[in-house]
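The file run_16.pdb comes next; it holds PDB, C-alpha atoms, pLDDT in the B column.
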```pdb
ATOM      1  CA  MET R   1       0.589 -63.249 -20.748  1.00 50.00           C
ATOM      2  CA  ALA R   2      -0.634 -59.900 -22.130  1.00 52.00           C
ATOM      3  CA  GLY R   3      -3.081 -59.511 -19.204  1.00 55.00           C
ATOM      4  CA  SER R   4      -0.332 -59.965 -16.625  1.00 59.00           C
ATOM      5  CA  GLN R   5       1.852 -57.440 -18.469  1.00 64.00           C
ATOM      6  CA  ASP R   6      -0.942 -54.807 -18.180  1.00 72.00           C
ATOM      7  CA  VAL R   7      -1.219 -55.449 -14.422  1.00 73.00           C
ATOM      8  CA  PHE R   8       2.524 -54.911 -13.985  1.00 72.00           C
ATOM      9  CA  ASP R   9       2.445 -51.776 -16.138  1.00 74.00           C
ATOM     10  CA  ALA R  10      -0.414 -50.411 -14.024  1.00 74.00           C
ATOM     11  CA  ILE R  11       1.570 -51.079 -10.832  1.00 75.00           C
ATOM     12  CA  VAL R  12       4.769 -49.566 -12.199  1.00 73.00           C
ATOM     13  CA  MET R  13       2.994 -46.524 -13.640  1.00 77.00           C
ATOM     14  CA  ALA R  14       0.872 -45.935 -10.512  1.00 76.00           C
ATOM     15  CA  ASP R  15       3.641 -43.915  -8.871  1.00 76.00           C
ATOM     16  CA  GLU R  16       3.893 -41.592 -11.857  1.00 80.00           C
ATOM     17  CA  ARG R  17       0.103 -41.272 -12.152  1.00 79.00           C
ATOM     18  CA  PHE R  18      -0.321 -40.473  -8.433  1.00 80.00           C
ATOM     19  CA  HIS R  19       2.532 -37.989  -8.596  1.00 81.00           C
ATOM     20  CA  GLY R  20       0.856 -36.165 -11.486  1.00 83.00           C
ATOM     21  CA  GLU R  21      -2.555 -36.158  -9.783  1.00 85.00           C
ATOM     22  CA  GLY R  22      -1.035 -34.948  -6.503  1.00 85.00           C
ATOM     23  CA  TYR R  23       0.836 -32.184  -8.272  1.00 86.00           C
ATOM     24  CA  GLN R  24      -2.337 -31.003 -10.019  1.00 87.00           C
ATOM     25  CA  GLU R  25      -4.377 -31.030  -6.783  1.00 87.00           C
ATOM     26  CA  GLY R  26      -1.603 -29.195  -4.934  1.00 87.00           C
ATOM     27  CA  TYR R  27      -1.274 -26.601  -7.683  1.00 85.00           C
ATOM     28  CA  GLU R  28      -5.002 -25.863  -7.640  1.00 86.00           C
ATOM     29  CA  GLU R  29      -5.094 -25.635  -3.827  1.00 86.00           C
ATOM     30  CA  GLY R  30      -2.008 -23.384  -3.748  1.00 85.00           C
ATOM     31  CA  SER R  31      -3.418 -21.086  -6.417  1.00 85.00           C
ATOM     32  CA  SER R  32      -6.648 -20.682  -4.475  1.00 84.00           C
ATOM     33  CA  LEU R  33      -4.857 -20.000  -1.182  1.00 85.00           C
ATOM     34  CA  GLY R  34      -2.427 -17.625  -2.916  1.00 86.00           C
ATOM     35  CA  ILE R  35      -5.279 -15.510  -4.256  1.00 87.00           C
ATOM     36  CA  ILE R  36      -6.899 -15.349  -0.818  1.00 89.00           C
ATOM     37  CA  GLU R  37      -3.627 -14.445   0.909  1.00 91.00           C
ATOM     38  CA  GLY R  38      -2.767 -11.871  -1.774  1.00 88.00           C
ATOM     39  CA  ARG R  39      -6.161 -10.216  -1.463  1.00 89.00           C
ATOM     40  CA  ARG R  40      -5.827 -10.067   2.341  1.00 91.00           C
ATOM     41  CA  TYR R  41      -2.323  -8.576   2.105  1.00 90.00           C
ATOM     42  CA  GLY R  42      -3.405  -6.036  -0.525  1.00 87.00           C
ATOM     43  CA  THR R  43      -6.378  -4.940   1.561  1.00 88.00           C
ATOM     44  CA  LEU R  44      -4.245  -4.475   4.665  1.00 90.00           C
ATOM     45  CA  HIS R  45      -1.471  -2.625   2.825  1.00 88.00           C
ATOM     46  CA  GLY R  46      -3.978  -0.426   0.970  1.00 87.00           C
ATOM     47  CA  ALA R  47      -5.704   0.458   4.240  1.00 89.00           C
ATOM     48  CA  LYS R  48      -2.385   1.496   5.796  1.00 90.00           C
ATOM     49  CA  ILE R  49      -1.541   3.755   2.852  1.00 90.00           C
ATOM     50  CA  GLY R  50      -5.052   5.202   2.856  1.00 89.00           C
ATOM     51  CA  SER R  51      -4.848   5.907   6.574  1.00 90.00           C
ATOM     52  CA  GLU R  52      -1.472   7.602   6.171  1.00 91.00           C
ATOM     53  CA  ILE R  53      -2.678   9.785   3.286  1.00 93.00           C
ATOM     54  CA  GLY R  54      -5.855  10.618   5.211  1.00 92.00           C
ATOM     55  CA  CYS R  55      -3.838  11.819   8.188  1.00 92.00           C
ATOM     56  CA  TYR R  56      -1.685  14.005   5.951  1.00 93.00           C
ATOM     57  CA  GLN R  57      -4.801  15.451   4.357  1.00 94.00           C
ATOM     58  CA  GLY R  58      -6.465  16.178   7.694  1.00 93.00           C
ATOM     59  CA  PHE R  59      -3.260  17.764   8.963  1.00 93.00           C
ATOM     60  CA  ALA R  60      -3.009  19.946   5.854  1.00 93.00           C
ATOM     61  CA  PHE R  61      -6.650  21.069   5.975  1.00 93.00           C
ATOM     62  CA  ALA R  62      -6.402  21.943   9.672  1.00 92.00           C
ATOM     63  CA  TRP R  63      -3.266  24.027   9.140  1.00 90.00           C
ATOM     64  CA  ARG R  64      -4.758  25.721   6.096  1.00 89.00           C
ATOM     65  CA  CYS R  65      -7.645  26.893   8.282  1.00 89.00           C
ATOM     66  CA  LEU R  66      -5.223  28.043  11.001  1.00 87.00           C
ATOM     67  CA  LEU R  67      -3.011  29.990   8.583  1.00 83.00           C
ATOM     68  CA  HIS R  68      -5.825  31.380   6.441  1.00 78.00           C
ATOM     69  CA  GLY R  69      -5.862  34.874   8.011  1.00 74.00           C
ATOM     70  CA  CYS R  70      -2.084  35.330   8.285  1.00 70.00           C
ATOM     71  CA  ALA R  71      -0.324  37.574   5.798  1.00 66.00           C
ATOM     72  CA  THR R  72       3.380  37.590   6.708  1.00 73.00           C
ATOM     73  CA  GLU R  73       6.011  36.495   4.201  1.00 71.00           C
ATOM     74  CA  LYS R  74       6.942  33.538   6.399  1.00 71.00           C
ATOM     75  CA  ASP R  75       3.309  32.438   6.493  1.00 75.00           C
ATOM     76  CA  SER R  76       2.986  32.750   2.719  1.00 81.00           C
ATOM     77  CA  LYS R  77       5.856  30.264   2.337  1.00 86.00           C
ATOM     78  CA  LYS R  78       4.029  27.910   4.693  1.00 88.00           C
ATOM     79  CA  MET R  79       0.805  28.346   2.730  1.00 89.00           C
ATOM     80  CA  LYS R  80       2.601  27.623  -0.536  1.00 90.00           C
ATOM     81  CA  ALA R  81       4.020  24.357   0.862  1.00 91.00           C
ATOM     82  CA  LEU R  82       0.620  23.546   2.346  1.00 93.00           C
ATOM     83  CA  GLU R  83      -1.193  24.052  -0.954  1.00 93.00           C
ATOM     84  CA  SER R  84       1.457  21.986  -2.712  1.00 94.00           C
ATOM     85  CA  LEU R  85       0.885  19.101  -0.264  1.00 95.00           C
ATOM     86  CA  ILE R  86      -2.882  19.321  -0.677  1.00 94.00           C
ATOM     87  CA  GLY R  87      -2.491  19.298  -4.459  1.00 95.00           C
ATOM     88  CA  MET R  88      -0.257  16.237  -4.336  1.00 95.00           C
ATOM     89  CA  ILE R  89      -2.744  14.422  -2.100  1.00 94.00           C
ATOM     90  CA  GLN R  90      -5.662  15.289  -4.368  1.00 93.00           C
ATOM     91  CA  LYS R  91      -3.794  13.967  -7.423  1.00 92.00           C
ATOM     92  CA  PHE R  92      -2.848  10.718  -5.659  1.00 90.00           C
ATOM     93  CA  PRO R  93      -4.381   7.732  -7.538  1.00 89.00           C
ATOM     94  CA  TYR R  94      -6.456   6.129  -4.767  1.00 81.00           C
ATOM     95  CA  ASP R  95      -8.412   3.863  -7.088  1.00 83.00           C
ATOM     96  CA  ASP R  96      -5.639   2.617  -9.390  1.00 83.00           C
ATOM     97  CA  PRO R  97      -3.530  -0.112  -7.713  1.00 75.00           C
ATOM     98  CA  THR R  98      -1.668  -0.724 -10.986  1.00 84.00           C
ATOM     99  CA  TYR R  99      -0.305   2.836 -11.111  1.00 85.00           C
ATOM    100  CA  ASP R 100       3.432   2.311 -11.618  1.00 89.00           C
ATOM    101  CA  LYS R 101       4.608   5.433  -9.753  1.00 90.00           C
ATOM    102  CA  LEU R 102       2.420   4.903  -6.672  1.00 89.00           C
ATOM    103  CA  HIS R 103       5.344   4.497  -4.282  1.00 89.00           C
ATOM    104  CA  GLU R 104       7.278   7.384  -5.849  1.00 93.00           C
ATOM    105  CA  ASP R 105       4.292   9.700  -5.422  1.00 92.00           C
ATOM    106  CA  LEU R 106       3.792   8.471  -1.855  1.00 93.00           C
ATOM    107  CA  ASP R 107       7.447   9.222  -1.088  1.00 94.00           C
ATOM    108  CA  ARG R 108       7.044  12.739  -2.533  1.00 95.00           C
ATOM    109  CA  ILE R 109       3.989  13.326  -0.348  1.00 95.00           C
ATOM    110  CA  ARG R 110       5.913  12.111   2.707  1.00 93.00           C
ATOM    111  CA  GLY R 111       8.790  14.437   1.836  1.00 93.00           C
ATOM    112  CA  LYS R 112       6.492  17.428   1.360  1.00 94.00           C
ATOM    113  CA  PHE R 113       4.795  16.594   4.666  1.00 94.00           C
ATOM    114  CA  LYS R 114       8.166  16.547   6.444  1.00 93.00           C
ATOM    115  CA  GLN R 115       9.105  19.853   4.814  1.00 92.00           C
ATOM    116  CA  LEU R 116       5.824  21.393   5.937  1.00 93.00           C
ATOM    117  CA  CYS R 117       6.286  20.108   9.481  1.00 92.00           C
ATOM    118  CA  SER R 118       9.716  21.712   9.541  1.00 91.00           C
ATOM    119  CA  LEU R 119       8.286  25.042   8.339  1.00 90.00           C
ATOM    120  CA  LEU R 120       5.505  24.850  10.934  1.00 89.00           C
ATOM    121  CA  ASN R 121       7.943  23.769  13.650  1.00 90.00           C
ATOM    122  CA  VAL R 122       5.928  20.687  14.646  1.00 90.00           C
ATOM    123  CA  GLN R 123       7.264  17.207  15.378  1.00 86.00           C
ATOM    124  CA  PRO R 124       4.699  14.688  14.106  1.00 80.00           C
ATOM    125  CA  ASP R 125       4.848  10.976  14.754  1.00 75.00           C
ATOM    126  CA  PHE R 126       2.685   8.975  12.377  1.00 64.00           C
ATOM    127  CA  LYS R 127       1.838   5.590  13.886  1.00 64.00           C
ATOM    128  CA  ILE R 128      -0.059   2.588  12.626  1.00 53.00           C
ATOM    129  CA  SER R 129      -1.018   0.239  15.424  1.00 53.00           C
ATOM    130  CA  ALA R 130      -3.696  -2.275  16.405  1.00 49.00           C
ATOM    131  CA  GLU R 131      -5.791   0.461  18.040  1.00 52.00           C
ATOM    132  CA  GLY R 132      -5.753   2.597  14.906  1.00 52.00           C
ATOM    133  CA  SER R 133      -3.532   5.026  13.112  1.00 53.00           C
ATOM    134  CA  GLY R 134      -2.899   8.692  13.392  1.00 55.00           C
ATOM    135  CA  LEU R 135      -0.587  11.553  14.054  1.00 56.00           C
ATOM    136  CA  SER R 136       0.564  12.556  17.488  1.00 54.00           C
ATOM    137  CA  PHE R 137       2.510  15.619  18.474  1.00 46.00           C
TER     138      PHE R 137
END
```
Representation of the structure as structure tokens:
Amino acid sequence: MAGSQDVFDAIVMADERFHGEGYQEGYEEGSSLGIIEGRRYGTLHGAKIGSEIGCYQGFAFAWRCLLHGCATEKDSKKMKALESLIGMIQKFPYDDPTYDKLHEDLDRIRGKFKQLCSLLNVQPDFKISAEGSGLSF
């Protein structure tokens, strides 16, 4: 009688055992896929931010060279904004993804860039596409 009771217990408990095993296997598989997907998303998003910052930096360096010889008061205001943008870009924490004010600093750089474009009277259009990213005028 005790042997038949164990067989019935095994049958009754099989559903619970399989549920637990399935949950554990699913959890492990999901964790692994989540890490892979998170890494892929982080790489893509980081590359977009890096490309955007790189375009701002190239823009700023080019205009600094163009305005270097000018000495008017209007040009000195442009140079001041230009140097401010370059300073912000150089202080940007490229290698610290845990920096808590990353997006705030990025928004400040974008704002300074827009201000500089207004002072320089240029209409930039920063685009990120499949072919690449960059500024067009």
Write out as a Markdown table the residues of segment 12-105 of chain R that have any atom within 12 Å of an atom of segment 118-127 of chain R, one row each with the nearest atom pair and its distance in Å to one decimal, counting only C-alpha atoms, sorted by chain and then rising number.
```
| residue | atom | partner | partner_atom | distance |
| --- | --- | --- | --- | --- |
| R:Lys48 | CA | R:Lys127 | CA | 10.0 |
| R:Ile49 | CA | R:Phe126 | CA | 11.7 |
| R:Ser51 | CA | R:Lys127 | CA | 9.9 |
| R:Glu52 | CA | R:Phe126 | CA | 7.6 |
| R:Ile53 | CA | R:Phe126 | CA | 10.6 |
| R:Gly54 | CA | R:Phe126 | CA | 11.3 |
| R:Cys55 | CA | R:Phe126 | CA | 8.3 |
| R:Tyr56 | CA | R:Phe126 | CA | 9.3 |
| R:Phe59 | CA | R:Pro124 | CA | 10.0 |
| R:Ala60 | CA | R:Leu120 | CA | 11.1 |
| R:Trp63 | CA | R:Leu120 | CA | 9.0 |
| R:Arg64 | CA | R:Leu120 | CA | 11.4 |
| R:Leu66 | CA | R:Leu120 | CA | 11.2 |
| R:Leu67 | CA | R:Leu120 | CA | 10.2 |
| R:Lys74 | CA | R:Leu119 | CA | 8.8 |
| R:Asp75 | CA | R:Leu120 | CA | 9.1 |
| R:Ser76 | CA | R:Leu119 | CA | 10.9 |
| R:Lys77 | CA | R:Leu119 | CA | 8.3 |
| R:Lys78 | CA | R:Leu119 | CA | 6.3 |
| R:Met79 | CA | R:Leu119 | CA | 9.9 |
| R:Lys80 | CA | R:Leu119 | CA | 10.9 |
| R:Ala81 | CA | R:Leu119 | CA | 8.6 |
| R:Leu82 | CA | R:Leu119 | CA | 9.8 |
```
Find the residues around segment 87-94 of chain R up to 8 Å (only C-alpha atoms counted), leave out those fewer than 4 positions away in its own chain, and share them as a ChimeraX atom specification.
/R:50,53,57,83,99,102,105-106,109
Could you tell me how far atom CA of His103 of chain R sits from atom CA of His45 of chain R, in Å to one decimal place?
12.2 Å
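One distance worth recording is that between atom CA of Gln115 of chain R and atom CA of Leu85 of chain R, which is 9.7 Å.
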Around all of segment 79-86 of chain R's listed atoms, make the axis-aligned box with 6 Å on each side and tell me centre and edge lengths in Å to one decimal, as lines of an AutoDock Vina configuration file.
```
center_x = 0.6
center_y = 23.7
center_z = 0.0
size_x = 18.9
size_y = 21.2
size_z = 17.4
```
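The gap separating atom CA of Gly111 of chain R from atom CA of Glu73 of chain R is 22.4 Å, in Å to one decimal.
Nearest to Pro97 of chain R of all the residues R:Gly46, R:Gly69, R:Gly34, R:Gly58 is R:Gly46, counting all atoms listed in the file.
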